[in-house]
>>> print(open('start32.txt').read())   # compact mmCIF, C-alpha atoms and all ligand atoms
# COMPACT_ATOMS: atom_id res chain seq x y z
CA MET A 79 -18.73 32.47 -52.06
CA SER A 80 -20.11 35.84 -53.10
CA SER A 81 -22.76 33.82 -54.95
CA ASP A 82 -24.06 32.74 -51.53
CA ASN A 83 -27.35 34.66 -51.36
CA ASN A 84 -28.12 33.82 -47.75
CA GLN A 85 -28.48 36.57 -45.15
CA PHE A 86 -25.43 37.53 -43.10
CA GLU A 87 -26.48 35.51 -40.05
CA THR A 88 -26.67 32.32 -42.11
CA ARG A 89 -23.41 33.02 -43.94
CA ALA A 90 -21.63 33.66 -40.61
CA ILE A 91 -22.50 30.11 -39.53
CA HIS A 92 -22.42 28.14 -42.79
CA GLY A 93 -20.53 30.32 -45.30
CA GLY A 94 -17.98 28.29 -47.25
CA GLN A 95 -18.26 25.40 -44.74
CA GLN A 96 -18.98 21.74 -45.42
CA PRO A 97 -18.94 18.83 -42.98
CA ASP A 98 -15.55 17.08 -43.11
CA PRO A 99 -15.82 14.69 -46.11
CA SER A 100 -13.82 11.86 -44.54
CA THR A 101 -15.54 11.73 -41.11
CA GLY A 102 -18.75 13.76 -41.38
CA ALA A 103 -17.57 16.01 -38.51
CA VAL A 104 -19.93 19.00 -38.55
CA MET A 105 -17.40 21.35 -36.94
CA PRO A 106 -14.09 22.05 -38.72
CA PRO A 107 -11.33 19.67 -37.63
CA ILE A 108 -8.09 21.23 -36.37
CA TYR A 109 -5.61 19.89 -38.92
CA GLN A 110 -2.61 20.09 -36.60
CA THR A 111 -0.07 19.06 -39.21
CA SER A 112 2.80 20.87 -40.88
CA THR A 113 3.04 18.54 -43.91
CA TYR A 114 1.06 16.14 -46.15
CA ILE A 115 2.00 12.83 -47.74
CA GLN A 116 2.58 12.75 -51.52
CA ALA A 117 1.97 9.64 -53.65
CA GLU A 118 4.76 10.64 -55.99
CA PRO A 119 6.83 13.85 -55.98
CA GLY A 120 4.35 16.64 -56.78
CA GLU A 121 1.28 14.38 -56.55
CA HIS A 122 -0.83 15.40 -53.55
CA LYS A 123 -4.40 16.23 -52.50
CA GLY A 124 -4.03 20.01 -52.75
CA TYR A 125 -1.99 20.40 -49.57
CA GLU A 126 1.82 20.24 -49.50
CA TYR A 127 3.01 22.23 -46.51
CA SER A 128 1.07 24.24 -43.91
CA ARG A 129 2.73 27.59 -44.59
CA THR A 130 1.34 27.33 -48.11
CA ASP A 131 -2.09 25.89 -47.19
CA ASN A 132 -3.81 24.16 -44.30
CA PRO A 133 -7.40 22.83 -44.41
CA THR A 134 -8.47 24.57 -41.18
CA ARG A 135 -7.11 27.83 -42.58
CA THR A 136 -8.93 27.21 -45.86
CA MET A 137 -12.22 26.90 -43.95
CA LEU A 138 -11.57 30.13 -42.06
CA GLN A 139 -10.68 31.94 -45.28
CA ASN A 140 -13.87 30.67 -46.95
CA LEU A 141 -15.94 31.91 -44.02
CA LEU A 142 -14.31 35.35 -44.00
CA ALA A 143 -14.91 35.76 -47.75
CA ALA A 144 -18.58 34.78 -47.27
CA MET A 145 -18.99 37.22 -44.37
CA GLU A 146 -17.56 40.21 -46.27
CA GLY A 147 -19.33 39.27 -49.52
CA GLY A 148 -15.94 38.90 -51.23
CA ASP A 149 -14.61 36.35 -53.70
CA PHE A 150 -11.33 35.69 -51.85
CA ALA A 151 -9.94 35.88 -48.32
CA LEU A 152 -6.48 35.29 -46.87
CA SER A 153 -5.68 34.80 -43.19
CA TYR A 154 -2.58 36.00 -41.37
CA SER A 155 -0.96 35.56 -37.98
CA SER A 156 -2.03 39.09 -36.89
CA GLY A 157 -3.76 42.19 -38.19
CA MET A 158 -0.34 43.82 -38.60
CA ALA A 159 0.87 40.85 -40.69
CA ALA A 160 -2.17 41.30 -42.97
CA ILE A 161 -1.46 45.02 -43.36
CA ASP A 162 2.26 44.45 -43.99
CA THR A 163 1.54 41.80 -46.63
CA LEU A 164 -1.03 43.98 -48.40
CA MET A 165 1.45 46.85 -48.62
CA ARG A 166 3.90 44.55 -50.46
CA LEU A 167 1.59 44.75 -53.48
CA PHE A 168 3.10 48.22 -53.92
CA ASN A 169 6.56 49.33 -55.07
CA PRO A 170 9.17 51.86 -53.95
CA GLY A 171 8.00 55.32 -55.03
CA ASP A 172 4.29 54.47 -54.66
CA HIS A 173 2.29 56.91 -52.54
CA THR A 174 -0.46 56.07 -50.05
CA ILE A 175 -2.94 58.47 -48.43
CA VAL A 176 -3.72 57.33 -44.88
CA GLY A 177 -5.97 58.60 -42.13
CA ASN A 178 -4.26 60.72 -39.48
CA ASP A 179 -6.18 58.74 -36.86
CA VAL A 180 -5.31 55.07 -37.22
CA TYR A 181 -4.28 52.27 -34.88
CA GLY A 182 -0.84 53.18 -33.47
CA GLY A 183 0.69 50.00 -34.89
CA THR A 184 -0.49 50.88 -38.40
CA TYR A 185 1.08 54.34 -38.10
CA ARG A 186 4.29 52.76 -36.78
CA LEU A 187 4.47 50.22 -39.64
CA PHE A 188 3.90 52.90 -42.30
CA ASP A 189 5.99 55.71 -40.82
CA LYS A 190 8.83 53.80 -39.16
CA VAL A 191 9.19 50.63 -41.25
CA LEU A 192 7.71 50.76 -44.76
CA SER A 193 8.87 54.34 -45.44
CA ARG A 194 12.44 52.96 -45.17
CA TYR A 195 11.69 50.80 -48.23
CA GLY A 196 10.62 53.71 -50.43
CA LEU A 197 6.86 53.67 -49.85
CA GLU A 198 5.51 57.20 -49.36
CA PHE A 199 2.70 58.17 -46.99
CA THR A 200 0.59 61.30 -46.42
CA PHE A 201 -1.60 61.41 -43.33
CA VAL A 202 -4.91 63.31 -43.64
CA ASP A 203 -8.31 63.61 -41.95
CA ILE A 204 -10.30 60.91 -43.77
CA SER A 205 -13.66 62.41 -42.76
CA ASP A 206 -12.73 65.34 -45.07
CA LEU A 207 -13.17 64.29 -48.71
CA GLN A 208 -11.52 67.47 -49.98
CA ALA A 209 -8.45 66.85 -47.81
CA ILE A 210 -8.11 63.37 -49.34
CA GLU A 211 -8.52 64.75 -52.86
CA ALA A 212 -5.96 67.51 -52.21
CA ALA A 213 -3.40 64.89 -51.09
CA ILE A 214 -3.58 62.93 -54.38
CA ARG A 215 -0.32 63.00 -56.37
CA PRO A 216 0.61 61.46 -59.73
CA ASN A 217 2.20 58.51 -57.86
CA THR A 218 -0.75 57.92 -55.48
CA LYS A 219 -1.68 54.24 -55.68
CA LEU A 220 -3.68 53.63 -52.49
CA ILE A 221 -6.08 55.34 -50.08
CA TRP A 222 -6.10 53.66 -46.68
CA LEU A 223 -9.23 54.16 -44.60
CA GLU A 224 -9.96 53.05 -41.10
CA THR A 225 -13.64 53.79 -40.48
CA PRO A 226 -14.63 54.19 -37.69
CA THR A 227 -11.10 55.27 -36.77
CA ASN A 228 -9.10 54.11 -33.79
CA PRO A 229 -9.48 55.79 -31.30
CA LEU A 230 -11.40 58.94 -32.36
CA LEU A 231 -14.27 57.10 -34.14
CA SER A 232 -14.15 59.43 -37.18
CA ILE A 233 -16.19 58.30 -40.17
CA ALA A 234 -15.07 58.26 -43.81
CA ASP A 235 -17.71 58.16 -46.55
CA ILE A 236 -16.54 54.92 -48.20
CA GLN A 237 -18.68 55.25 -51.33
CA ALA A 238 -17.63 58.88 -51.89
CA VAL A 239 -13.94 57.98 -51.48
CA THR A 240 -14.10 54.99 -53.83
CA ASP A 241 -15.98 57.10 -56.43
CA MET A 242 -13.30 59.78 -56.19
CA ALA A 243 -10.43 57.26 -56.32
CA GLY A 244 -11.65 55.91 -59.67
CA ASP A 245 -9.86 53.02 -61.38
CA ASN A 246 -6.26 54.12 -60.88
CA ILE A 247 -6.16 54.45 -57.11
CA LYS A 248 -7.03 51.46 -54.93
CA VAL A 249 -8.98 51.84 -51.69
CA ALA A 250 -8.31 49.68 -48.63
CA VAL A 251 -10.66 49.73 -45.64
CA ASP A 252 -9.57 48.49 -42.23
CA ASN A 253 -12.99 47.23 -41.13
CA THR A 254 -11.86 46.05 -37.68
CA PHE A 255 -13.97 48.48 -35.59
CA ALA A 256 -17.18 47.90 -37.58
CA SER A 257 -16.84 44.17 -38.35
CA PRO A 258 -18.37 42.65 -41.52
CA TYR A 259 -21.77 42.52 -39.83
CA LEU A 260 -22.04 46.29 -39.44
CA GLN A 261 -20.27 47.42 -42.62
CA GLN A 262 -19.45 45.87 -46.01
CA PRO A 263 -16.80 48.02 -47.76
CA LEU A 264 -16.46 45.82 -50.88
CA ALA A 265 -20.11 46.55 -51.74
CA LEU A 266 -19.27 50.26 -51.46
CA GLY A 267 -16.48 49.95 -54.03
CA ALA A 268 -13.46 49.24 -51.83
CA ASP A 269 -10.73 47.03 -53.34
CA TYR A 270 -9.42 45.49 -50.11
CA VAL A 271 -10.92 44.89 -46.68
CA ILE A 272 -8.50 44.32 -43.81
CA HIS A 273 -9.28 42.94 -40.37
CA SER A 274 -7.57 42.39 -37.13
CA THR A 275 -9.57 39.19 -36.50
CA THR A 276 -8.16 39.42 -32.96
CA LYS A 277 -11.04 41.80 -32.28
CA TYR A 278 -14.79 41.40 -33.06
CA ILE A 279 -14.47 38.48 -35.50
CA GLY A 280 -12.62 36.29 -32.98
CA GLY A 281 -14.67 37.98 -30.27
CA HIS A 282 -13.29 36.27 -27.16
CA SER A 283 -9.82 37.80 -26.62
CA ASP A 284 -8.18 34.39 -26.93
CA VAL A 285 -6.47 34.58 -30.32
CA VAL A 286 -4.46 37.02 -32.49
CA GLY A 287 -5.05 37.06 -36.25
CA GLY A 288 -5.62 39.12 -39.37
CA ALA A 289 -7.26 38.90 -42.79
CA ILE A 290 -7.53 40.49 -46.22
CA ILE A 291 -10.74 40.06 -48.26
CA LEU A 292 -11.01 41.11 -51.92
CA ASN A 293 -12.63 40.44 -55.31
CA ASP A 294 -9.82 40.95 -57.81
CA GLU A 295 -8.34 37.62 -58.89
CA ALA A 296 -4.94 38.93 -60.03
CA ASP A 297 -4.41 40.73 -56.71
CA TYR A 298 -5.55 37.59 -54.89
CA GLU A 299 -2.98 35.45 -56.73
CA GLN A 300 -0.25 37.93 -55.83
CA LEU A 301 -1.36 38.05 -52.18
CA LYS A 302 -1.49 34.26 -52.03
CA PHE A 303 2.06 34.17 -53.40
CA LEU A 304 3.11 36.72 -50.74
CA GLN A 305 1.30 34.82 -47.97
CA ASN A 306 3.46 31.79 -48.73
CA ALA A 307 6.62 33.72 -49.57
CA ILE A 308 6.53 35.82 -46.38
CA GLY A 309 4.97 33.19 -44.12
CA ALA A 310 3.03 35.30 -41.58
CA VAL A 311 0.35 32.60 -41.37
CA PRO A 312 -1.92 31.58 -38.47
CA GLY A 313 -1.66 28.08 -37.00
CA PRO A 314 -4.59 25.64 -37.29
CA MET A 315 -5.65 26.05 -33.65
CA ASP A 316 -5.84 29.83 -34.07
CA CYS A 317 -7.88 29.37 -37.26
CA PHE A 318 -10.28 27.09 -35.39
CA LEU A 319 -10.71 29.56 -32.52
CA THR A 320 -11.37 32.39 -34.97
CA LEU A 321 -13.88 30.28 -36.90
CA ARG A 322 -15.71 29.34 -33.72
CA GLY A 323 -15.86 32.93 -32.53
CA ALA A 324 -16.98 34.30 -35.89
CA LYS A 325 -20.19 32.25 -35.96
CA THR A 326 -21.78 34.45 -33.26
CA LEU A 327 -20.54 37.79 -34.62
CA HIS A 328 -24.00 39.13 -35.47
CA ILE A 329 -25.60 38.58 -32.08
CA ARG A 330 -22.54 39.92 -30.29
CA MET A 331 -22.42 43.06 -32.46
CA ASP A 332 -26.11 43.77 -31.83
CA ARG A 333 -25.52 43.68 -28.08
CA HIS A 334 -22.20 45.61 -28.25
CA SER A 335 -24.02 48.32 -30.19
CA GLN A 336 -27.05 48.48 -27.86
CA ASN A 337 -24.87 48.66 -24.74
CA ALA A 338 -22.49 51.23 -26.23
CA LEU A 339 -25.27 53.60 -27.34
CA GLN A 340 -26.77 53.59 -23.85
CA ILE A 341 -23.37 54.17 -22.24
CA ALA A 342 -22.43 56.93 -24.72
CA ARG A 343 -25.71 58.77 -23.98
CA PHE A 344 -25.09 58.43 -20.25
CA LEU A 345 -21.53 59.76 -20.56
CA GLU A 346 -22.70 62.77 -22.60
CA ASP A 347 -24.66 63.97 -19.55
CA GLN A 348 -21.79 63.72 -17.08
CA THR A 349 -20.18 66.97 -15.88
CA ALA A 350 -16.69 65.39 -15.64
CA VAL A 351 -16.82 64.53 -19.35
CA GLU A 352 -15.92 67.17 -21.93
CA ARG A 353 -16.61 65.15 -25.08
CA VAL A 354 -17.92 61.72 -26.08
CA TYR A 355 -16.89 60.17 -29.41
CA TYR A 356 -19.47 57.63 -30.59
CA PRO A 357 -20.84 57.56 -34.16
CA GLY A 358 -24.30 56.55 -32.92
CA LEU A 359 -24.78 59.90 -31.15
CA GLU A 360 -26.62 62.57 -33.15
CA SER A 361 -23.92 65.00 -31.96
CA HIS A 362 -21.19 63.02 -33.80
CA PRO A 363 -20.10 64.87 -36.98
CA GLY A 364 -20.05 61.59 -38.95
CA HIS A 365 -23.42 60.34 -37.66
CA GLU A 366 -25.36 60.73 -40.92
CA ILE A 367 -22.69 58.96 -43.00
CA ALA A 368 -22.40 56.21 -40.39
CA LYS A 369 -26.18 55.78 -40.51
CA LYS A 370 -26.00 55.43 -44.29
CA GLN A 371 -23.14 52.90 -44.49
CA MET A 372 -23.35 50.97 -41.20
CA ARG A 373 -26.07 48.67 -39.86
CA ASP A 374 -25.38 49.90 -36.30
CA TYR A 375 -22.58 51.80 -34.57
CA GLY A 376 -20.52 49.18 -32.73
CA GLY A 377 -19.04 48.90 -29.27
CA MET A 378 -16.21 51.47 -29.24
CA ILE A 379 -16.47 54.79 -27.37
CA SER A 380 -13.81 57.40 -26.57
CA ILE A 381 -14.17 60.15 -23.97
CA ILE A 382 -12.23 63.29 -23.10
CA PHE A 383 -12.18 64.34 -19.47
CA LYS A 384 -12.51 68.02 -18.52
CA ASP A 385 -9.81 67.66 -15.86
CA GLY A 386 -7.30 66.25 -18.32
CA GLU A 387 -4.77 63.45 -17.89
CA LYS A 388 -5.13 63.07 -14.13
CA ALA A 389 -8.87 62.41 -14.37
CA ALA A 390 -8.42 60.12 -17.40
CA ARG A 391 -5.79 58.01 -15.64
CA LYS A 392 -7.78 57.81 -12.42
CA PHE A 393 -10.96 56.79 -14.27
CA ALA A 394 -9.13 54.14 -16.32
CA SER A 395 -7.65 52.68 -13.12
CA SER A 396 -10.91 52.68 -11.16
CA THR A 397 -13.32 50.52 -13.14
CA LYS A 398 -13.97 47.03 -11.81
CA ILE A 399 -15.82 45.29 -14.66
CA PHE A 400 -14.07 47.17 -17.49
CA ALA A 401 -10.55 45.64 -17.41
CA LEU A 402 -7.62 48.01 -18.02
CA ALA A 403 -6.03 46.36 -21.04
CA GLU A 404 -5.09 46.92 -24.68
CA SER A 405 -7.20 45.43 -27.50
CA LEU A 406 -10.95 45.47 -28.06
CA GLY A 407 -13.88 43.55 -29.51
CA GLY A 408 -14.13 40.72 -26.97
CA VAL A 409 -17.30 39.79 -25.09
CA GLU A 410 -15.80 41.40 -21.98
CA SER A 411 -15.54 45.17 -21.50
CA LEU A 412 -12.09 46.76 -21.67
CA ILE A 413 -10.80 50.26 -20.94
CA GLU A 414 -7.49 51.83 -21.96
CA HIS A 415 -5.51 55.08 -22.20
CA PRO A 416 -4.40 55.29 -25.88
CA ARG A 417 -1.66 57.90 -25.39
CA ILE A 418 0.20 55.65 -22.97
CA MET A 419 -0.95 52.28 -24.28
CA THR A 420 -2.13 51.51 -27.87
CA HIS A 421 -1.09 54.77 -29.57
CA ALA A 422 2.21 55.67 -27.86
CA SER A 423 3.88 55.33 -31.29
CA THR A 424 2.09 58.53 -32.46
CA ASN A 425 3.31 60.66 -29.55
CA ASP A 426 6.07 62.20 -31.70
CA SER A 427 3.64 63.04 -34.56
CA ASP A 428 1.32 66.00 -35.27
CA PHE A 429 -1.66 63.83 -34.40
CA SER A 430 -0.72 62.42 -31.02
CA ILE A 431 -3.67 61.43 -28.83
CA SER A 432 -4.83 63.73 -26.04
CA PRO A 433 -3.69 62.57 -22.58
CA ALA A 434 -7.25 63.36 -21.40
CA LEU A 435 -8.69 60.62 -23.65
CA VAL A 436 -9.86 57.19 -22.50
CA ARG A 437 -11.18 54.47 -24.85
CA LEU A 438 -13.86 51.94 -23.94
CA SER A 439 -14.50 48.62 -25.66
CA VAL A 440 -18.03 47.99 -24.44
CA GLY A 441 -18.69 44.27 -23.94
CA ILE A 442 -21.90 42.28 -23.84
CA GLU A 443 -22.36 42.13 -20.06
CA HIS A 444 -25.65 43.53 -18.66
CA VAL A 445 -25.69 47.24 -19.41
CA ASP A 446 -26.91 48.15 -15.90
CA ASP A 447 -23.80 46.58 -14.39
CA LEU A 448 -21.58 48.43 -16.87
CA LEU A 449 -23.31 51.75 -16.13
CA ARG A 450 -22.91 51.19 -12.38
CA ASP A 451 -19.22 50.44 -12.89
CA ILE A 452 -18.76 53.67 -14.87
CA GLN A 453 -20.67 55.66 -12.23
CA GLN A 454 -18.48 54.44 -9.40
CA ALA A 455 -15.30 55.12 -11.43
CA LEU A 456 -16.55 58.67 -12.19
CA ALA A 457 -17.16 59.19 -8.48
CA SER A 458 -13.51 58.32 -7.79
CA ILE A 459 -11.96 61.06 -9.96
O1 LIG B 1 -3.18 43.45 -33.10
P1 LIG B 1 -3.29 42.94 -34.51
O2 LIG B 1 -4.15 41.74 -34.65
O3 LIG B 1 -1.97 42.81 -35.17
O4 LIG B 1 -4.13 44.07 -35.32
C1 LIG B 1 -3.63 45.36 -35.57
C2 LIG B 1 -4.78 46.32 -35.73
C3 LIG B 1 -5.17 46.69 -37.02
N1 LIG B 1 -6.18 47.55 -37.23
C4 LIG B 1 -6.88 48.07 -36.19
C5 LIG B 1 -7.99 49.02 -36.47
C6 LIG B 1 -6.55 47.73 -34.87
O5 LIG B 1 -7.27 48.26 -33.88
C7 LIG B 1 -5.47 46.83 -34.63
C8 LIG B 1 -5.06 46.47 -33.25
N2 LIG B 1 -5.54 47.31 -32.23
C9 LIG B 1 -5.29 47.18 -30.91
C10 LIG B 1 -4.54 46.20 -30.38
C11 LIG B 1 -5.91 48.21 -30.04
O6 LIG B 1 -6.01 48.02 -28.81
O7 LIG B 1 -6.33 49.24 -30.58
>>> encode(input="start32.txt", output="C-alpha cells")
Amino acid sequence: MSSDNNQFETRAIHGGQQPDPSTGAVMPPIYQTSTYIQAEPGEHKGYEYSRTDNPTRTMLQNLLAAMEGGDFALSYSSGMAAIDTLMRLFNPGDHTIVGNDVYGGTYRLFDKVLSRYGLEFTFVDISDLQAIEAAIRPNTKLIWLETPTNPLLSIADIQAVTDMAGDNIKVAVDNTFASPYLQQPLALGADYVIHSTTKYIGGHSDVVGGAIILNDEADYEQLKFLQNAIGAVPGPMDCFLTLRGAKTLHIRMDRHSQNALQIARFLEDQTAVERVYYPGLESHPGHEIAKKQMRDYGGMISIIFKDGEKAARKFASSTKIFALAESLGGVESLIEHPRIMTHASTNDSDFSISPALVRLSVGIEHVDDLLRDIQQALASI
C-alpha cells in the first residue's frame, strides 16, 4: 500500500482496490453478510465472521491506508470507537499529553471514562512545544495532537513534536480537520493517525465512522486483535458509503479550502466580529507552520463576536444555507455553537469554549451564496 507511488488523487480512487474477482464488478460490492461458509471446521477463504473481517471493510481499510501513505488501516463504527480502541494499547499508570483544545467527545472519553481505568492525562496548549516538553513525565507514553484543533484551529508542529518525542513516546494525530489530502502525519514521524471518517473522508453527512492508520506491524496486530475483541466495527453498508465518499476527497477539499479562505477574509473585515480563527489567514499564529505541513487550510472557521453570547446565538440561528447542526466536513455548509453543542462536555474544565464563539463548516456551495447568507445573518444581530 505505501509502495503505491501514485499521486494522492489516483490513490484516493484506486488505492488498494481491485475489481471483484468473482464478478468483475468495478465498484466494491456490499458484502451484507455476518458469516461465511467453511469447508471443514477452520477451513475458509479468509473470512469467518464479520466482526473479525468483512470484504467491504477490507477494501475501505486498504483505501484509507493508501490515502494516508500508511502500511495498515483499521476501520471502526465511529471516530470515538477508533480513539477508544487506540487508547487500549496503553496500560493503567501510563500518561498521555493531550491538547487542551480537542473535540468535546475526546475530552469526555479521556477525562470522564479512561481516567477511571488508571490512564493519566495532562492537557496542554499543543501549539506551544515547550509546554508539551514541560508536561513530559517518566511514565509519559503518548502525545495526542489534534491539528488543526477543534474548534480553535490551533496548529501543532507535527515534525517538531515527533522529533522531541523520540522513540519512547508515541505520537498520535487526529487528522480529522485536515483530512489525508491536506496533511500526512505519518510522513512527519507520527505513529498513529486517527480519523472521524464521518467528516471529510465520508464527505456527505450520511455515515458515522472512524479509522486508525499506522506503519508499525506489532501495533497493527494488537489493534486488529482489539478491533475483534471489542467489536466497535462498521457495517458493510457504512464501509461502502465511506469508500464512495472518499474517492472525491481531493476535489472537495480544494473547494472547501477556497471557499473558507474567502469567507474568513470577509469575516475579518466585519465590525461585529472580534476575532476570526482560520489557519489560512496571515494573522493566524500558526499560519507559517500550517503552510509548511499542510497542502491547504481546510473548511473550518471559528469566529468570536464582539457582543458575546447573544450575538453568537442570534447569528447561528439566522443563517439559511448554513444549517445549524453538529458535525462538519460534508459538502453542505453547517454552523454550530460549540459551548452549547459539540463541546458542552468541557464547560466544567479550565478550557471551556467562549459563549461568544461560533464554528462554521464551510461547504462546497457557490461562495457568493455563502457570503450573502453570512451577510444577511450578520445584519440580523
Ligand atoms: O463523531 P465521531 O465519528 O465519533 O468522531 C469523533 C471526533 C473525533 N475527532 C474529531 C476531531 C472530531 O471532530 C470528532 C467529532 N466531531 C464532531 C461531531 C463535531 O461536530 O465537532
>>> residues_around(input="start32.txt", residues="range 338-340 of chain A", least_positions_apart="4", cutoff="8 Å", atoms="only C-alpha atoms", output="list in words")
His334, Phe344, Tyr356, Gly358, Leu359, Tyr375, Gly376, Gly377, Met378, Ile379, Val440 and Val445 of chain A
>>> residues_near_ligand(input="start32.txt", ligand="ligand LIG 1 (chain B)", cutoff="9 Å", atoms="all atoms listed in the file", output="MDAnalysis selection string")
chainID A and resid 154:161 180:184 224:229 252:255 272:277 285:288 403:406 414 416 419:421
>>> atom_distance(input="start32.txt", atom1="CA of Phe86 in chain A", atom2="CA of Ser232 in chain A")
25.3 Å
>>> atom_distance(input="start32.txt", atom1="CA of Thr397 in chain A", atom2="CA of Leu345 in chain A")
14.4 Å
>>> residues_near_point(input="start32.txt", point="(-21.4, 57.6, -44.8)", cutoff="8 Å", atoms="only C-alpha atoms", output="PyMOL selection string")
chain A and resi 233-237+364-372
>>> closest_residue(input="start32.txt", among="A:Glu346, A:Thr136, A:Ile459, A:Asp428", to="Asp385 in chain A", atoms="all atoms listed in the file")
A:Ile459
>>> atom_distance(input="start32.txt", atom1="CA of Phe199 in chain A", atom2="CA of Val271 in chain A")
19.0 Å
>>> closest_residue(input="start32.txt", among="A:Leu207, A:Ser395, A:Ala289, A:Asp82", to="Ala310 in chain A", atoms="only C-alpha atoms")
A:Ala289
>>> closest_residue(input="start32.txt", among="A:Ile418, A:Leu192, A:Gly148, A:Val104", to="Ala265 in chain A", atoms="all atoms listed in the file")
A:Gly148
>>> residues_around(input="start32.txt", residues="Ser257 in chain A", least_positions_apart="4", cutoff="7 Å", atoms="all atoms listed in the file", output="number ranges by chain")
A: 253, 261, 278-279
>>> decode(input="start32.txt", residues="range 317-370 of chain A", atoms="C-alpha atoms", output="compact mmCIF listing (two decimals), in the first residue's frame")
# COMPACT_ATOMS: atom_id res chain seq x y z
CA CYS A 317 -17.99 0.97 4.68
CA PHE A 318 -19.37 1.27 1.16
CA LEU A 319 -20.71 4.79 1.76
CA THR A 320 -17.36 5.87 3.22
CA LEU A 321 -15.46 4.34 0.29
CA ARG A 322 -17.71 6.08 -2.22
CA GLY A 323 -17.35 9.44 -0.48
CA ALA A 324 -13.58 9.14 -0.09
CA LYS A 325 -12.93 8.93 -3.83
CA THR A 326 -13.73 12.65 -4.29
CA LEU A 327 -11.91 13.88 -1.17
CA HIS A 328 -9.28 15.87 -3.08
CA ILE A 329 -11.64 17.92 -5.22
CA ARG A 330 -13.92 18.58 -2.26
CA MET A 331 -11.03 19.70 -0.04
CA ASP A 332 -9.77 22.10 -2.72
CA ARG A 333 -13.18 23.77 -2.88
CA HIS A 334 -13.73 23.72 0.92
CA SER A 335 -10.37 25.47 1.30
CA GLN A 336 -11.01 28.08 -1.43
CA ASN A 337 -14.45 28.94 -0.05
CA ALA A 338 -13.27 29.06 3.56
CA LEU A 339 -10.34 31.39 2.83
CA GLN A 340 -12.64 33.86 1.07
CA ILE A 341 -15.18 33.71 3.90
CA ALA A 342 -12.50 34.05 6.62
CA ARG A 343 -11.10 37.18 4.89
CA PHE A 344 -14.59 38.63 4.61
CA LEU A 345 -15.34 37.96 8.29
CA GLU A 346 -12.06 39.61 9.38
CA ASP A 347 -13.36 42.92 8.00
CA GLN A 348 -16.71 42.84 9.79
CA THR A 349 -17.21 45.20 12.74
CA ALA A 350 -19.43 42.70 14.63
CA VAL A 351 -16.59 40.16 14.62
CA GLU A 352 -13.85 40.38 17.25
CA ARG A 353 -11.66 37.51 16.04
CA VAL A 354 -11.52 35.00 13.19
CA TYR A 355 -9.72 31.67 13.66
CA TYR A 356 -8.58 30.24 10.33
CA PRO A 357 -5.05 28.89 9.73
CA GLY A 358 -5.01 30.24 6.17
CA LEU A 359 -5.08 33.85 7.41
CA GLU A 360 -1.69 35.54 7.76
CA SER A 361 -2.93 36.84 11.12
CA HIS A 362 -3.24 33.27 12.50
CA PRO A 363 -0.37 32.50 14.93
CA GLY A 364 0.08 29.02 13.41
CA HIS A 365 -0.06 30.18 9.78
CA GLU A 366 3.61 29.56 8.94
CA ILE A 367 3.61 26.04 10.42
CA ALA A 368 0.31 25.26 8.69
CA LYS A 369 1.83 26.46 5.41
CA LYS A 370 4.79 24.13 5.95
